[in-house]
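**Student:** First the structure, which I've put down as structure tokens, then a few questions once you've had a look.
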Amino acid sequence: RDLVRSRGLGDVYKRQQINIALSLLYLCYKVLFSQNTFFGLRRLILISIVLFSTTYPWYDIPDIDPIIPAHLQITLPEVLYSMGETVPQKAFDIYPLIAYLYGGICSLFLLRMFLRIASIIKLRANGKLRIIGKSHIVVCDENIQPCSFFRWIFLPHSILQNKNTLTRILRHENTHIRQLHTIDVLLGESMAALCWINPLSWLLLKEIRLNLEYMADKAATVSYTHLRAHETVLDL
């Protein structure tokens, strides 16, 4: 029973540490970098927040005693007291229950993420694969929003009829693929599932997604500008 209680307390304490670190770092990010237009730097900072927050409770932080000189250290006297003999009473311990409940809800959010991945794999299996240049396009009969997952680009059949729209979307989605944005989203989803009780974790996930869209839009716009300039030179 004591072992279960100690594990429950340890789990609760580590989750508190993760949530506190995530909250402080995210708030610092919003104050210092939310208006920054260097989206690559913002991406690095956001991923660093996720990785540091989830791993730092396991860091081995050295004891500060060797750092403080002996003459500055203060040792408090021990105070011993006795209250007489008491009969130990079995009390309901809520900490293991909190740990199990928290972990169960985390598992549900992780399960939801895996079900989404499974639905994407199902779209890939049911769709028709077309390769245009270096783009692996999965044409879906369903009316879905254009999206990408690792090297696959999922498009509804109707978009293929509009060449201009198709070209613009491919530039956008190829940026996501080339820069491995799927990994960022999966890390953010995992963080939100782990810290589901913290609203800032969901804001962090939203910030990750939004920043990736900014990066893809910027890269697609630059690519389009270069393409139009090249076509103008050829026309001349």
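Simple scheme: letters A, B, ... for chains in structure tokens order, numbers from 1 for residues in each chain, numbers from 1 for ligands in the order shown.
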Quick one: everything within 10 Å of A:Asn143, counting only C-alpha atoms, minus sequence neighbours fewer than 5 positions away in the same chain. Send it as a list of chain:residue names.
**Tutor:**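 Those residues are A:Leu155, A:Pro156, A:His157, A:Ser158, A:Ile159.
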**Student:** Taking 6 positions as the minimum chain separation for residues in the same chain, which residues sit within 10 Å of stretch 41-55 of chain A when counting only C-alpha atoms? Answer as a PyMOL selection string.
**Tutor:** chain A and resi 14-15+17-26+29+33-35+181+183-185+187-188+190-192+194-195+201+204-205+207-209+211-212+215
**Student:** Any idea what the distance is between atom CA of A:Ser119 and atom CA of A:Lys163?
**Tutor:**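 The value is 27.6 Å.
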**Student:** Check the smallest atom-to-atom distance from each of A:Ile153, A:Ile197, A:Ile105, A:Leu203 to A:Arg130 using only C-alpha atoms, then report the winner.
**Tutor:**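 Result for the nearest residue to A:Arg130: A:Ile153.
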**Student:** What does the distance from atom CA of A:Tyr214 to atom CA of A:Cys106 come to in Å, to one decimal?
**Tutor:**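 One can read the atom CA of A:Tyr214 to atom CA of A:Cys106 distance as 29.3 Å.
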**Student:** Return the single residue from A:Leu27, A:Thr221, A:Gly127, A:Leu200 that is closest to A:Thr167, with distances computed using only C-alpha atoms.
**Tutor:**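 Of all the options, A:Thr221 lies closest to A:Thr167.
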**Student:** Have a look at A:Ser148, A:Asn162, A:Ser135, A:Gln16 and name the one nearest to A:Ala99; count only C-alpha atoms.
**Tutor:**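 Selected residue with least distance to A:Ala99: A:Gln16.
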**Student:** I need the residues of stretch 80-214 of chain A that end up classed as alpha helix (DSSP H) by DSSP on the backbone, written out as a ChimeraX atom specification.
**Tutor:** /A:95-126,163-178,181-194,199-214
**Student:** Within 8 Å of A:Phe150, counting only C-alpha atoms, which residues show up once you throw out same-chain ones fewer than 3 positions away? Write them as a VMD selection string, please.
**Tutor:** chain A and resid 177 180 to 182
**Student:** Take the residues from that selection and put them in a file with C-alpha atoms, as a compact mmCIF listing (two decimals), in the first residue's frame.
**Tutor:**
```
# COMPACT_ATOMS: atom_id res chain seq x y z
CA ILE A 177 6.22 17.69 -46.01
CA LEU A 180 8.55 17.60 -41.43
CA HIS A 181 5.73 19.56 -39.82
CA THR A 182 3.83 16.36 -39.02
```
**Student:** For A:Ala219, find every residue with an atom within 12 Å (counting only C-alpha atoms), except residues of its own chain fewer than 2 positions away, and show them as a ChimeraX atom specification.
**Tutor:** /A:39-40,168-176,178-179,212-217,221-226
**Student:** Point out the residue among A:Arg151, A:Lys218, A:Pro57, A:Asn164 with the least atom-to-atom distance to A:Phe38, counting only C-alpha atoms.
**Tutor:** A:Lys218
**Student:** To test your reading of the structure, identify every residue in stretch 15-228 of chain A that backbone DSSP assigns to strand (DSSP E or B), and report it as a PyMOL selection string.
**Tutor:** chain A and resi 128-132+135-140+147-149+152-156
**Student:** Export, as a PDB file, in the first residue's frame, the selected residues with N, CA and C atoms.
**Tutor:**
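Result file part01.pdb:
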```
ATOM      1  N   LYS A 128      -6.823   6.965 -54.191  1.00  0.00           N
ATOM      2  CA  LYS A 128      -6.020   6.645 -55.369  1.00  0.00           C
ATOM      3  C   LYS A 128      -4.745   7.486 -55.337  1.00  0.00           C
ATOM      4  N   LEU A 129      -3.608   6.804 -55.440  1.00  0.00           N
ATOM      5  CA  LEU A 129      -2.324   7.486 -55.358  1.00  0.00           C
ATOM      6  C   LEU A 129      -1.924   8.002 -56.736  1.00  0.00           C
ATOM      7  N   ARG A 130      -1.621   9.285 -56.792  1.00  0.00           N
ATOM      8  CA  ARG A 130      -1.105   9.909 -58.008  1.00  0.00           C
ATOM      9  C   ARG A 130       0.176  10.649 -57.669  1.00  0.00           C
ATOM     10  N   ILE A 131       1.169  10.541 -58.542  1.00  0.00           N
ATOM     11  CA  ILE A 131       2.440  11.211 -58.323  1.00  0.00           C
ATOM     12  C   ILE A 131       2.587  12.309 -59.364  1.00  0.00           C
ATOM     13  N   ILE A 132       2.637  13.543 -58.866  1.00  0.00           N
ATOM     14  CA  ILE A 132       2.833  14.705 -59.733  1.00  0.00           C
ATOM     15  C   ILE A 132       4.150  15.348 -59.329  1.00  0.00           C
ATOM     16  N   SER A 135       5.437  15.049 -55.664  1.00  0.00           N
ATOM     17  CA  SER A 135       4.301  15.024 -54.735  1.00  0.00           C
ATOM     18  C   SER A 135       3.561  13.703 -54.822  1.00  0.00           C
ATOM     19  N   HIS A 136       3.368  13.064 -53.670  1.00  0.00           N
ATOM     20  CA  HIS A 136       2.571  11.842 -53.569  1.00  0.00           C
ATOM     21  C   HIS A 136       1.160  12.238 -53.139  1.00  0.00           C
ATOM     22  N   ILE A 137       0.247  12.276 -54.091  1.00  0.00           N
ATOM     23  CA  ILE A 137      -1.103  12.770 -53.851  1.00  0.00           C
ATOM     24  C   ILE A 137      -2.062  11.599 -53.706  1.00  0.00           C
ATOM     25  N   VAL A 138      -2.830  11.627 -52.628  1.00  0.00           N
ATOM     26  CA  VAL A 138      -3.883  10.636 -52.417  1.00  0.00           C
ATOM     27  C   VAL A 138      -5.207  11.309 -52.745  1.00  0.00           C
ATOM     28  N   VAL A 139      -5.818  10.889 -53.834  1.00  0.00           N
ATOM     29  CA  VAL A 139      -7.090  11.465 -54.276  1.00  0.00           C
ATOM     30  C   VAL A 139      -8.220  10.734 -53.568  1.00  0.00           C
ATOM     31  N   CYS A 140      -9.031  11.491 -52.838  1.00  0.00           N
ATOM     32  CA  CYS A 140     -10.110  10.902 -52.035  1.00  0.00           C
ATOM     33  C   CYS A 140     -11.458  11.258 -52.643  1.00  0.00           C
ATOM     34  N   CYS A 147      -4.870  18.339 -46.905  1.00  0.00           N
ATOM     35  CA  CYS A 147      -3.982  18.199 -45.761  1.00  0.00           C
ATOM     36  C   CYS A 147      -2.827  17.285 -46.144  1.00  0.00           C
ATOM     37  N   SER A 148      -1.850  17.207 -45.270  1.00  0.00           N
ATOM     38  CA  SER A 148      -0.708  16.335 -45.515  1.00  0.00           C
ATOM     39  C   SER A 148      -0.377  15.574 -44.247  1.00  0.00           C
ATOM     40  N   PHE A 149       0.229  14.412 -44.423  1.00  0.00           N
ATOM     41  CA  PHE A 149       0.684  13.578 -43.310  1.00  0.00           C
ATOM     42  C   PHE A 149       1.970  12.898 -43.756  1.00  0.00           C
ATOM     43  N   TRP A 152       2.511  12.168 -47.640  1.00  0.00           N
ATOM     44  CA  TRP A 152       1.263  12.059 -48.385  1.00  0.00           C
ATOM     45  C   TRP A 152       0.509  13.380 -48.348  1.00  0.00           C
ATOM     46  N   ILE A 153      -0.067  13.731 -49.480  1.00  0.00           N
ATOM     47  CA  ILE A 153      -0.946  14.895 -49.589  1.00  0.00           C
ATOM     48  C   ILE A 153      -2.342  14.387 -49.930  1.00  0.00           C
ATOM     49  N   PHE A 154      -3.320  14.714 -49.119  1.00  0.00           N
ATOM     50  CA  PHE A 154      -4.689  14.233 -49.309  1.00  0.00           C
ATOM     51  C   PHE A 154      -5.522  15.360 -49.908  1.00  0.00           C
ATOM     52  N   LEU A 155      -6.117  15.065 -51.060  1.00  0.00           N
ATOM     53  CA  LEU A 155      -6.916  16.063 -51.765  1.00  0.00           C
ATOM     54  C   LEU A 155      -8.237  15.450 -52.207  1.00  0.00           C
ATOM     55  N   PRO A 156      -9.313  16.242 -52.192  1.00  0.00           N
ATOM     56  CA  PRO A 156     -10.566  15.769 -52.786  1.00  0.00           C
ATOM     57  C   PRO A 156     -10.444  15.775 -54.308  1.00  0.00           C
TER      58      PRO A 156
END
```
